[in-house]
Amino acid sequence: AKSAGSSTTLRLGVFLNLTHAPGLVGIAQGILAKDLAPTKLKVVPFNSGSDASNAMLAGSIDATYIGPGPTVSLFIKSGKVAVVSGATQGGASLVVRTGAGISSPADLKGKRIADPGIGNTQDVALRTYLHRNGLKAKDEGGDVTVVPLEKNSDSVQLMQAKQIDGAWLPEPYPSLLTSMNLATQLLDERSLWPGGQFVTTNLLVSTGYLSAHADVVKKLVKGNVDAIRFIQQNSDRASQIANTELATLGGKSLDPAVLSKAWAEMTFNWDPVASSLRANAEHSKALGYIDSVPSNLLSIYRLEDLNAVLTSIGQPAVQASS
Amino acid sequence: MWRARSAAKQVWPRLAAVLALVAVWQLVYQTGFFDHVVLPSPLQVWGSLRANVADGSIPRAAEASLIRLLIGFAVSVAAGTLAGLAMVASQFIERSFGSLIIGLQSLPSIAWLPLAILWFGLNETAVLFVVVIGSFPSVTLATVNSLRQVPPLLERAGRTLGAKGWRLYRTVIFPAAVPGYVGGLQQGWAFAWRSLMAGELIASGALGLGQLMNASRENLDTPEVLAVMVVIVAIGMIVDLAVFGAFDRRIRTRRGLAVAG
Amino acid sequence: MWRARSAAKQVWPRLAAVLALVAVWQLVYQTGFFDHVVLPSPLQVWGSLRANVADGSIPRAAEASLIRLLIGFAVSVAAGTLAGLAMVASQFIERSFGSLIIGLQSLPSIAWLPLAILWFGLNETAVLFVVVIGSFPSVTLATVNSLRQVPPLLERAGRTLGAKGWRLYRTVIFPAAVPGYVGGLQQGWAFAWRSLMAGELIASGALGLGQLMNASRENLDTPEVLAVMVVIVAIGMIVDLAVFGAFDRRIRTRRGLAVAG
Amino acid sequence: MRPAVTGPDLRLEPSPQAGTAPAKVSLRNVARTYRSARGGKVSACTDVTFDVAPGEFVCLLGPSGCGKSTLLNIIAGLDRPDRGEVLIDGRPVSGPGPDRAVLFQEPALFPWMSVAANVDFALGLAGVPKTERRDRRMFWLGKVHLSRFADAQPHELSGGMRQRAALARALACEPDVLLADEPFAALDAQTREILQRELQRVWVETGKTFVFVTHNVREAAFLADRVLLMSAPPGTLVEEQRITAPRPREFDDPLLAKVVSDVHRHLIKEVEKVVAREIGG
Amino acid sequence: MRPAVTGPDLRLEPSPQAGTAPAKVSLRNVARTYRSARGGKVSACTDVTFDVAPGEFVCLLGPSGCGKSTLLNIIAGLDRPDRGEVLIDGRPVSGPGPDRAVLFQEPALFPWMSVAANVDFALGLAGVPKTERRDRRMFWLGKVHLSRFADAQPHELSGGMRQRAALARALACEPDVLLADEPFAALDAQTREILQRELQRVWVETGKTFVFVTHNVREAAFLADRVLLMSAPPGTLVEEQRITAPRPREFDDPLLAKVVSDVHRHLIKEVEKVVAREIGG
Ligand SMILES: Nc1ncnc2c1ncn2[C@@H]1O[C@H](COP(=O)(O)OP(=O)(O)OP(=O)(O)O)[C@@H](O)[C@H]1O
Ligand SMILES: Nc1ncnc2c1ncn2[C@@H]1O[C@H](COP(=O)(O)OP(=O)(O)OP(=O)(O)O)[C@@H](O)[C@H]1O
Ligand SMILES: [Mg+2]
Ligand SMILES: [Mg+2]
């Protein structure tokens, strides 16, 4: 049922994945709870972006960490969500199977490359990258077979069985594949973006909650920034904490080797890199996944609270435009 | 004439039920209690259905799924029926592998996905494997249960007439079990459908209703999700009416059992 | 004494089947045909099982899942049985809503996840909803099929003795249908399990075997995935042996029907 | 309550009691046609009219397939006539009820109940209080020589024992009307004789109304106030024979011998029609 | 093949033919005890020994529940004795076979086949070539007056019609041994008489071996070479009566009347034991 939420408890969604580390660390260290006090924090772990989106629309969570794909979908479908901060950048790469003979983009021709699913952020990135290198996916009439995965972890078996030659995936899977010596990194997605910045995780709130409990959202934003600062200052410890929290919330901890590799692939920052969201939407449109890029897309960003927090700690403000 | 009238008698209550459901849905929609993105109106779903039928995506997906379903179900029926017969024929098989098969039945299809990929790779065979492994235990169980319902007198009559072994099963026990068996197959059919929907995620490139629904779901395109659901339910109802139902009615009329539906 | 011997007779063929399976598995493992990450050895799985039992994660998850399963299945049995009775009692209900329910049966559990979240939020109730919606159509179908198998003579006898309406169903038709009904419930139980595994993914915080399997899978901990599968199959076999099987044997012995298992 | 005994009498009209005391069971031009699975039609019985007075014992005889079971089912309210009507106490039958117990051609015991539970169940439905049930049940199981099998399940009984159990169940309920379809067919001659005597005694003592289908002409003559004879299928009444021998009767009663041979003669005629049709067609 | 007819004779020993020609069916100290669902034990029959010569017609009589159906099942190979053995042509029975047709107490027609298909199916199993089946089937359905119901489904038949269909199915196969469990119980007196004559004719013409359970003493006397009488349950043989009346026999044969009254007397004794036990316990 619909609700504007309450000011006594904030229901926060978080995906059990390392890319949501600011949330995981914020929860584990009690940073979010402390900043939110006296408002209580209720953590709702979820397994897929679409579940979190539905929960948001159904009013059963007030805020959530979530990837750019569902962020755009939610905005286009309902318009009733706002990004109040970024959380994670980077953390996606194209890895190719050892022995598949791929050492340059041109070698991808005729190969089978996996991604997390049609229309997914990495799918858009992969296809755009192929176009840029004069290639096309088979379903678009080209000769690279794009293999959408049911579960990203299936990439390991598929690579082992030589059923795929490469994969464009979010962490920790690229690290997992390389640390098993199954694959090597061909491309770090960060290298494709200006300043090496593209958003991986946003902090999203429902506009209903935002207008009813602006004060709580403000405290949430502060908590997020504090968590990110904690990570920035204690990178190694934070990685352990996030890893442990994965298990606490019902997921699984990663192997230490994989953890450190994956951790290095990501940047934790509050900047939601609005430009990358926009670029992503444009790429989606170019691929025909969406009909048009909403002209008001950037109005999804409500960064006043974030900038206020940043100012108060002497950090430069971030902008939604540009 | 009589056939037409009887067909109408079969069809209109079903239409009434569907209309009632749609009316309730429209009412709930109009209360505005649920966000319209997550609960679209019947009209929106109808629009999405029409669009998806018009551009061929639903017909193509439905065709692909149905072909998989038919192949997978046929294999399940063959394998399940044989396994069921073996279980009834031998108490040892029943107690050993039979019990194992029943244990397997509780495993969700997703548990089989990794194994399917491992054994068959990302292809049709893997999807079919998931369908078969998901529905043949149910067919086995249905076979066993229906065979066990056979009145002992009929079996004895068959044996004294000289039927034995496989022939006894084929000509006496199995025909006697048919009414229960058909009912059981309906369950197997449902298991096959559900497993197919999971199996189609293996290679989401595999065109099909399961894949379509999943893509729409990821895309938060609820009208499309519901449109696919409508198609699945409609196929289910049609198959129930035209295949299982019709077959069941025929058997029951011939044997003088209670007829309904 | 007799009981113990008969229990042993029930148990050892099952053990034999399990051992045979493990032996084949070990052989396949030793060929090295499949990478050991994706197909671990029985010993590795046993190790993972022991570790997960020792640290309490499997017992806790199993307990949570079983409680959900029992509640969900109980609701399904109640709802499905009533729906089935209504369908048998009224041809109109049978043809209208009955057919709809059967159509619903083919819908995969994932189709219900968005609706469950919408109606109940990310919580236990949503999981239970998925279990119930996934298994009650099967119970309904089983009820209808078993009621239809009742020999007309028994119904007539009951009616002439003065039983009618609900009492006739309760005291005559339903008891007469019990052997088929129990077999059908087994199918409903399997549907409940499978739906539960899907439902537990709704809220990954929801401790349970489905969630555990999902997490292990995501983490590529194949031994653990298999350990969870072993637990699910084991629970399935135990329930089959101790609940459905035992009940079935008791009924059949009492009525002089074919007994097996 | 007992109908006036008037002497041998042959008529196809409703018996005279119908005019004075209202008939207990009354059939008016009853006909029943079955639609067969192949689509054809089979007329089971046609234009059957008769009355059974309260407390009367009527036996129905006729060649196999002439519609006796069909008629019994219609009186029981389990089946509806296509034409005509059936009245119980002057009211049209709308369905089965515990006022009319039925003994089916096959013993319809409930397989999930012991013999005792089968009887108790029926007693419960007939409204007999719990405290009385045990005695009633033991009494009637004794009458059919099944005391030692009270706790047995039906499948553990022989064919004849099952029939006897069903008989005990029906009689224990003391219904107003007992409709019986060859209840003694599966019994040996001696057991049969014992139960026939028992049934006669019950009837004399309780004054219930009996409609009894049998193939045994001697049985009919021994038990009945009136024997109704049906024609070759499609069945209709062709003969009515009133039996005035005093009760309790004995099997060697010379009055009965005459009835037996009369009925036999008529029955032969009907069966010969069936045979002729077989040979002709 | 016909056993020498020697005159009325009473013995409990195997009949003398057993020594000369090998017996067709031979029971040696057969006993069968059922374990009941409640855990108790019921002895159905005990220490039953008799021989049936090839081509002999034996009738088995006894009070209800004395183990007649049990014995028939054992001879058919559907059930095993707990003690003793059953030999067919000197070889132990290992299971049922088409050499021994069985007519069950209830007509066991297959409900998914028409009457004709039921007969054809049996003929097929008996190895009768397709071309012959139609004629054989029509012939036998005519004999039991069911020609017009050849295409009907079993549930469309009356009780007696079903029994007749089952009889036609069994006879059409012309088995070496026919084991029949009260096949005529559900028939009216006249149809019964017709079929009894028919059966007698079949037996005389084909020289098959018959073991026939019946409750009708007159029927037994009319049909049998030898009547075996069983005791009150647990059943065992108590009487053997050879019937020498020449064939074809008539029902009013005075020789038969003597047999009937003899058997009756013995039967009464056995049934009285059952009654005494009821009253005692
Ligand atoms: N399946 C069974 N379980 C337990 N007891 C049984 C079973 N079948 C038969 N009996 C018992 O065995 C005895 C003999 O049964 P059987 O059917 O052979 O008798 P019968 O002589 O054919 O009687 P009837 O003339 O009534 O048909 C009976 O006392 C019966 O209770
Ligand atoms: N369900 C049915 N469908 C079609 N025909 C039927 C059905 N039931 C009975 N009949 C036909 O109706 C006729 C009368 O049947 P019914 O059972 O009343 O005979 P009956 O007098 O009881 O015979 P019997 O003495 O053999 O028991 C028979 O010809 C039979 O074929
Ligand atoms: Mg009848
Ligand atoms: Mg018997």
# chains A, B, ... in the order shown; residues from 1 in each chain; ligands from 1
$ interface_residues --of "chain D" --to "chain C" --cutoff "9 Å" --atoms "only C-alpha atoms" --output "ChimeraX atom specification"
/D:76-78,95-104,106,108-114,121-123,125-126,153-156,170,173
$ residues_near_ligand --ligand "ligand 2" --cutoff "9 Å" --atoms "only C-alpha atoms and all ligand atoms" --output "PyMOL selection string"
(chain B and resi 256) or (chain D and resi 32-37+41-45+61-73+105+181-182+213-215+230+233-235) or (chain E and resi 149+152-164+186-188)
$ residues_around --residues "Arg278 of chain A" --least-positions-apart "4" --cutoff "9 Å" --atoms "only C-alpha atoms" --output "list in words"
Ala274, Glu282, His283, Val293, Leu297 and Leu298 of chain A
$ atom_distance --atom1 "atom CA of His266 of chain D" --atom2 "atom CA of Cys59 of chain D"
14.8 Å
$ atom_distance --atom1 "atom CA of Leu49 of chain B" --atom2 "atom CA of Ala246 of chain B"
28.1 Å
$ closest_residue --among "D:Ala232, D:Ala180, D:Leu223, D:Val144" --to "ligand 3" --atoms "only C-alpha atoms and all ligand atoms"
D:Ala180
$ select_by_dssp --residues "segment 115-270 of chain E" --states "helix (DSSP H, G or I)" --output "PyMOL selection string"
chain E and resi 115-125+130-143+147-149+154-156+159-172+189-206+217-223+254-270
$ closest_atom_pairs --of "chain A" --to "chain C" --cutoff "9 Å" --atoms "only C-alpha atoms" --output "tab-separated table"
residue	atom	partner	partner_atom	distance
A:Ala1	CA	C:Trp119	CA	6.3
A:Phe15	CA	C:Ser204	CA	8.9
A:Leu16	CA	C:Ser204	CA	8.2
A:Val43	CA	C:Gly205	CA	8.9
A:Val44	CA	C:Gly205	CA	6.9
A:Pro45	CA	C:Gly205	CA	5.4
A:Phe46	CA	C:Ser204	CA	5.1
A:Asn47	CA	C:Ser204	CA	5.9
A:Ser48	CA	C:Ile202	CA	8.6
A:Ser50	CA	C:Pro114	CA	8.4
A:Asp51	CA	C:Pro114	CA	6.8
A:Ala52	CA	C:Leu122	CA	8.8
A:Asn54	CA	C:Pro114	CA	6.2
A:Ala55	CA	C:Ile117	CA	5.9
A:Leu57	CA	C:Leu118	CA	7.7
A:Ala58	CA	C:Leu118	CA	4.8
A:Gly59	CA	C:Gly121	CA	7.7
A:Ser60	CA	C:Gly121	CA	5.0
A:Ile61	CA	C:Gly121	CA	8.1
A:Lys151	CA	C:Glu218	CA	7.2
A:Asn152	CA	C:Glu218	CA	7.3
A:Ser153	CA	C:Glu218	CA	5.4
A:Asp154	CA	C:Leu220	CA	8.1
A:Val156	CA	C:Leu220	CA	8.0
A:Gln157	CA	C:Val38	CA	6.4
A:Gln160	CA	C:Asp35	CA	7.2
A:Ala161	CA	C:Phe34	CA	8.2
A:Leu249	CA	C:Gly205	CA	5.9
A:Gly250	CA	C:Gly205	CA	5.5
A:Gly251	CA	C:Ala215	CA	5.1
A:Lys252	CA	C:Ala215	CA	5.8
A:Ser253	CA	C:Asn219	CA	7.8
A:Leu254	CA	C:Asn219	CA	7.1
$ closest_residue --among "B:Ala190, B:Val228, B:Leu209, B:Leu69" --to "chain C" --atoms "only C-alpha atoms"
B:Ala190
$ closest_residue --among "C:Ala62, C:Leu107, C:Leu128, C:Val230" --to "chain B" --atoms "only C-alpha atoms"
C:Leu107
$ closest_atom_pairs --of "chain B" --to "chain C" --cutoff "7 Å" --atoms "only C-alpha atoms" --output "JSON lines"
{"residue": "B:Gln10", "atom": "CA", "partner": "C:Arg95", "partner_atom": "CA", "distance": 6.7}
{"residue": "B:Pro13", "atom": "CA", "partner": "C:Ser96", "partner_atom": "CA", "distance": 4.6}
{"residue": "B:Arg14", "atom": "CA", "partner": "C:Ser96", "partner_atom": "CA", "distance": 4.2}
{"residue": "B:Ala16", "atom": "CA", "partner": "C:Ser96", "partner_atom": "CA", "distance": 6.7}
{"residue": "B:Ala17", "atom": "CA", "partner": "C:Ser96", "partner_atom": "CA", "distance": 5.0}
{"residue": "B:Gln91", "atom": "CA", "partner": "C:Ala260", "partner_atom": "CA", "distance": 6.2}
{"residue": "B:Phe92", "atom": "CA", "partner": "C:Pro13", "partner_atom": "CA", "distance": 6.5}
{"residue": "B:Glu94", "atom": "CA", "partner": "C:Gly261", "partner_atom": "CA", "distance": 5.7}
{"residue": "B:Arg95", "atom": "CA", "partner": "C:Gly261", "partner_atom": "CA", "distance": 5.1}
{"residue": "B:Ser96", "atom": "CA", "partner": "C:Arg14", "partner_atom": "CA", "distance": 4.2}
{"residue": "B:Phe97", "atom": "CA", "partner": "C:Ala17", "partner_atom": "CA", "distance": 5.6}
{"residue": "B:Ser99", "atom": "CA", "partner": "C:Met237", "partner_atom": "CA", "distance": 6.0}
{"residue": "B:Leu100", "atom": "CA", "partner": "C:Met237", "partner_atom": "CA", "distance": 6.6}
{"residue": "B:Ile102", "atom": "CA", "partner": "C:Met237", "partner_atom": "CA", "distance": 6.7}
{"residue": "B:Gly103", "atom": "CA", "partner": "C:Gly236", "partner_atom": "CA", "distance": 4.4}
{"residue": "B:Leu104", "atom": "CA", "partner": "C:Val233", "partner_atom": "CA", "distance": 5.7}
{"residue": "B:Gln105", "atom": "CA", "partner": "C:Ala190", "partner_atom": "CA", "distance": 5.9}
{"residue": "B:Ser106", "atom": "CA", "partner": "C:Ala190", "partner_atom": "CA", "distance": 4.7}
{"residue": "B:Leu107", "atom": "CA", "partner": "C:Arg194", "partner_atom": "CA", "distance": 6.3}
{"residue": "B:Pro108", "atom": "CA", "partner": "C:Arg194", "partner_atom": "CA", "distance": 4.5}
{"residue": "B:Ser138", "atom": "CA", "partner": "C:Gln187", "partner_atom": "CA", "distance": 6.7}
{"residue": "B:Asn145", "atom": "CA", "partner": "C:Gly183", "partner_atom": "CA", "distance": 5.9}
{"residue": "B:Arg148", "atom": "CA", "partner": "C:Ala258", "partner_atom": "CA", "distance": 6.0}
{"residue": "B:Gly180", "atom": "CA", "partner": "C:Asn145", "partner_atom": "CA", "distance": 6.9}
{"residue": "B:Gly183", "atom": "CA", "partner": "C:Asn145", "partner_atom": "CA", "distance": 5.9}
{"residue": "B:Gln187", "atom": "CA", "partner": "C:Ser138", "partner_atom": "CA", "distance": 6.7}
{"residue": "B:Ala190", "atom": "CA", "partner": "C:Ser106", "partner_atom": "CA", "distance": 4.7}
{"residue": "B:Trp193", "atom": "CA", "partner": "C:Ser106", "partner_atom": "CA", "distance": 5.5}
{"residue": "B:Arg194", "atom": "CA", "partner": "C:Pro108", "partner_atom": "CA", "distance": 4.6}
{"residue": "B:Met197", "atom": "CA", "partner": "C:Pro108", "partner_atom": "CA", "distance": 6.3}
{"residue": "B:Met229", "atom": "CA", "partner": "C:Leu107", "partner_atom": "CA", "distance": 6.9}
{"residue": "B:Ile232", "atom": "CA", "partner": "C:Leu107", "partner_atom": "CA", "distance": 6.6}
{"residue": "B:Val233", "atom": "CA", "partner": "C:Gly103", "partner_atom": "CA", "distance": 4.5}
{"residue": "B:Ala234", "atom": "CA", "partner": "C:Gly103", "partner_atom": "CA", "distance": 6.6}
{"residue": "B:Gly236", "atom": "CA", "partner": "C:Gly103", "partner_atom": "CA", "distance": 4.4}
{"residue": "B:Met237", "atom": "CA", "partner": "C:Gly103", "partner_atom": "CA", "distance": 4.8}
{"residue": "B:Ala258", "atom": "CA", "partner": "C:Arg148", "partner_atom": "CA", "distance": 6.0}
{"residue": "B:Ala260", "atom": "CA", "partner": "C:Gln91", "partner_atom": "CA", "distance": 6.2}
{"residue": "B:Gly261", "atom": "CA", "partner": "C:Arg95", "partner_atom": "CA", "distance": 5.2}
$ atom_distance --atom1 "atom CA of Val28 of chain B" --atom2 "atom CA of Leu85 of chain C"
28.2 Å
$ residues_around --residues "segment 195-210 of chain D" --least-positions-apart "5" --cutoff "9 Å" --atoms "only C-alpha atoms" --output "PyMOL selection string"
chain D and resi 1-2+24-25+52-59+143-144+164+171+174-180+184+190+219+222-224+247-250
$ residues_around --residues "segment 308-314 of chain A" --least-positions-apart "2" --cutoff "9 Å" --atoms "only C-alpha atoms" --output "list in words"
Lys218, Val221, Lys222, Val225, Leu303, Glu304, Asp305, Leu306, Pro316, Ala317 and Val318 of chain A
$ write_last_selection --atoms "N, CA, C and O atoms" --output "JSON list (two decimals), in the first residue's frame"
[["chain", "number", "residue", "atom", "x", "y", "z"],
["A", 218, "LYS", "N", 17.63, 14.38, 4.79],
["A", 218, "LYS", "CA", 18.87, 15.15, 4.99],
["A", 218, "LYS", "C", 19.86, 14.37, 5.85],
["A", 218, "LYS", "O", 21.06, 14.27, 5.56],
["A", 221, "VAL", "N", 21.32, 11.51, 3.92],
["A", 221, "VAL", "CA", 22.38, 11.95, 3.01],
["A", 221, "VAL", "C", 23.67, 12.15, 3.78],
["A", 221, "VAL", "O", 24.75, 11.73, 3.36],
["A", 222, "LYS", "N", 23.54, 12.73, 4.94],
["A", 222, "LYS", "CA", 24.73, 12.95, 5.76],
["A", 222, "LYS", "C", 25.35, 11.61, 6.13],
["A", 222, "LYS", "O", 26.58, 11.41, 6.06],
["A", 225, "VAL", "N", 27.27, 10.23, 3.23],
["A", 225, "VAL", "CA", 28.55, 10.92, 3.04],
["A", 225, "VAL", "C", 29.55, 10.47, 4.10],
["A", 225, "VAL", "O", 30.71, 10.15, 3.80],
["A", 303, "LEU", "N", 20.01, 17.51, -5.24],
["A", 303, "LEU", "CA", 21.30, 17.43, -4.56],
["A", 303, "LEU", "C", 21.53, 18.53, -3.53],
["A", 303, "LEU", "O", 22.63, 18.69, -3.02],
["A", 304, "GLU", "N", 20.43, 19.30, -3.22],
["A", 304, "GLU", "CA", 20.60, 20.42, -2.27],
["A", 304, "GLU", "C", 21.12, 19.92, -0.92],
["A", 304, "GLU", "O", 22.06, 20.49, -0.35],
["A", 305, "ASP", "N", 20.51, 18.85, -0.42],
["A", 305, "ASP", "CA", 20.94, 18.35, 0.88],
["A", 305, "ASP", "C", 22.39, 17.89, 0.83],
["A", 305, "ASP", "O", 23.17, 18.17, 1.74],
["A", 306, "LEU", "N", 22.72, 17.18, -0.26],
["A", 306, "LEU", "CA", 24.09, 16.67, -0.39],
["A", 306, "LEU", "C", 25.08, 17.85, -0.38],
["A", 306, "LEU", "O", 26.07, 17.82, 0.36],
["A", 316, "PRO", "N", 33.94, 20.30, -2.02],
["A", 316, "PRO", "CA", 33.30, 20.98, -3.14],
["A", 316, "PRO", "C", 31.93, 20.39, -3.45],
["A", 316, "PRO", "O", 31.73, 19.17, -3.33],
["A", 317, "ALA", "N", 31.02, 21.27, -3.85],
["A", 317, "ALA", "CA", 29.68, 20.82, -4.19],
["A", 317, "ALA", "C", 29.70, 20.06, -5.51],
["A", 317, "ALA", "O", 30.64, 20.17, -6.29],
["A", 318, "VAL", "N", 28.66, 19.24, -5.71],
["A", 318, "VAL", "CA", 28.53, 18.52, -6.99],
["A", 318, "VAL", "C", 27.34, 19.09, -7.74],
["A", 318, "VAL", "O", 26.44, 19.67, -7.16]]
$ select_by_dssp --residues "segment 137-240 of chain D" --states "strand (DSSP E)" --output "list of chain:residue names"
D:Val177, D:Leu178, D:Leu179, D:Ala180, D:Asp181, D:Thr209, D:Phe210, D:Val211, D:Phe212, D:Val213, D:Arg226, D:Val227, D:Leu228, D:Leu229, D:Met230, D:Leu237, D:Val238, D:Glu239, D:Glu240
$ residues_around --residues "Asp139 of chain A" --least-positions-apart "2" --cutoff "12 Å" --atoms "only C-alpha atoms" --output "list of chain:residue names"
A:Ile118, A:Arg127, A:Leu135, A:Lys136, A:Ala137, A:Gly141, A:Gly142, A:Asp143, A:Val144, A:Thr145, A:Val146, A:Val147, A:Pro148, A:Leu287, B:Gly205, B:Ala206, B:Leu207
$ residues_around --residues "Val199 of chain A" --least-positions-apart "5" --cutoff "10 Å" --atoms "only C-alpha atoms" --output "MDAnalysis selection string"
chainID A and resid 67:68 86:91 190 267:277 280
$ closest_residue --among "D:Lys269, D:His145, D:Arg137, D:Arg169" --to "chain E" --atoms "only C-alpha atoms"
D:His145
$ decode --residues "segment 119-153 of chain A" --atoms "C-alpha atoms" --output "tab-separated table (two decimals), in the first residue's frame"
chain	number	residue	atom	x	y	z
A	119	GLY	CA	18.75	-3.53	-21.60
A	120	ASN	CA	20.90	-3.74	-18.49
A	121	THR	CA	23.51	-0.99	-17.89
A	122	GLN	CA	26.38	-3.27	-18.88
A	123	ASP	CA	24.44	-4.50	-21.92
A	124	VAL	CA	24.11	-0.92	-23.10
A	125	ALA	CA	27.78	-0.31	-22.45
A	126	LEU	CA	28.84	-3.44	-24.30
A	127	ARG	CA	26.74	-2.76	-27.37
A	128	THR	CA	27.77	0.89	-27.49
A	129	TYR	CA	31.39	-0.17	-27.22
A	130	LEU	CA	30.93	-2.63	-30.08
A	131	HIS	CA	29.40	0.05	-32.26
A	132	ARG	CA	32.27	2.36	-31.52
A	133	ASN	CA	34.64	-0.32	-32.72
A	134	GLY	CA	32.69	-0.96	-35.88
A	135	LEU	CA	31.05	-4.14	-34.60
A	136	LYS	CA	27.48	-5.13	-33.97
A	137	ALA	CA	25.66	-7.70	-31.91
A	138	LYS	CA	24.14	-10.61	-33.81
A	139	ASP	CA	20.57	-9.58	-32.88
A	140	GLU	CA	21.31	-6.21	-34.44
A	141	GLY	CA	22.58	-7.86	-37.59
A	142	GLY	CA	26.25	-8.03	-36.68
A	143	ASP	CA	28.48	-10.90	-35.75
A	144	VAL	CA	29.21	-10.69	-32.03
A	145	THR	CA	26.93	-12.97	-30.05
A	146	VAL	CA	25.69	-11.24	-26.92
A	147	VAL	CA	24.80	-13.81	-24.28
A	148	PRO	CA	22.51	-12.48	-21.57
A	149	LEU	CA	23.01	-14.30	-18.28
A	150	GLU	CA	20.41	-15.55	-15.86
A	151	LYS	CA	22.84	-15.01	-13.05
A	152	ASN	CA	26.14	-13.21	-13.34
A	153	SER	CA	27.85	-16.05	-11.52
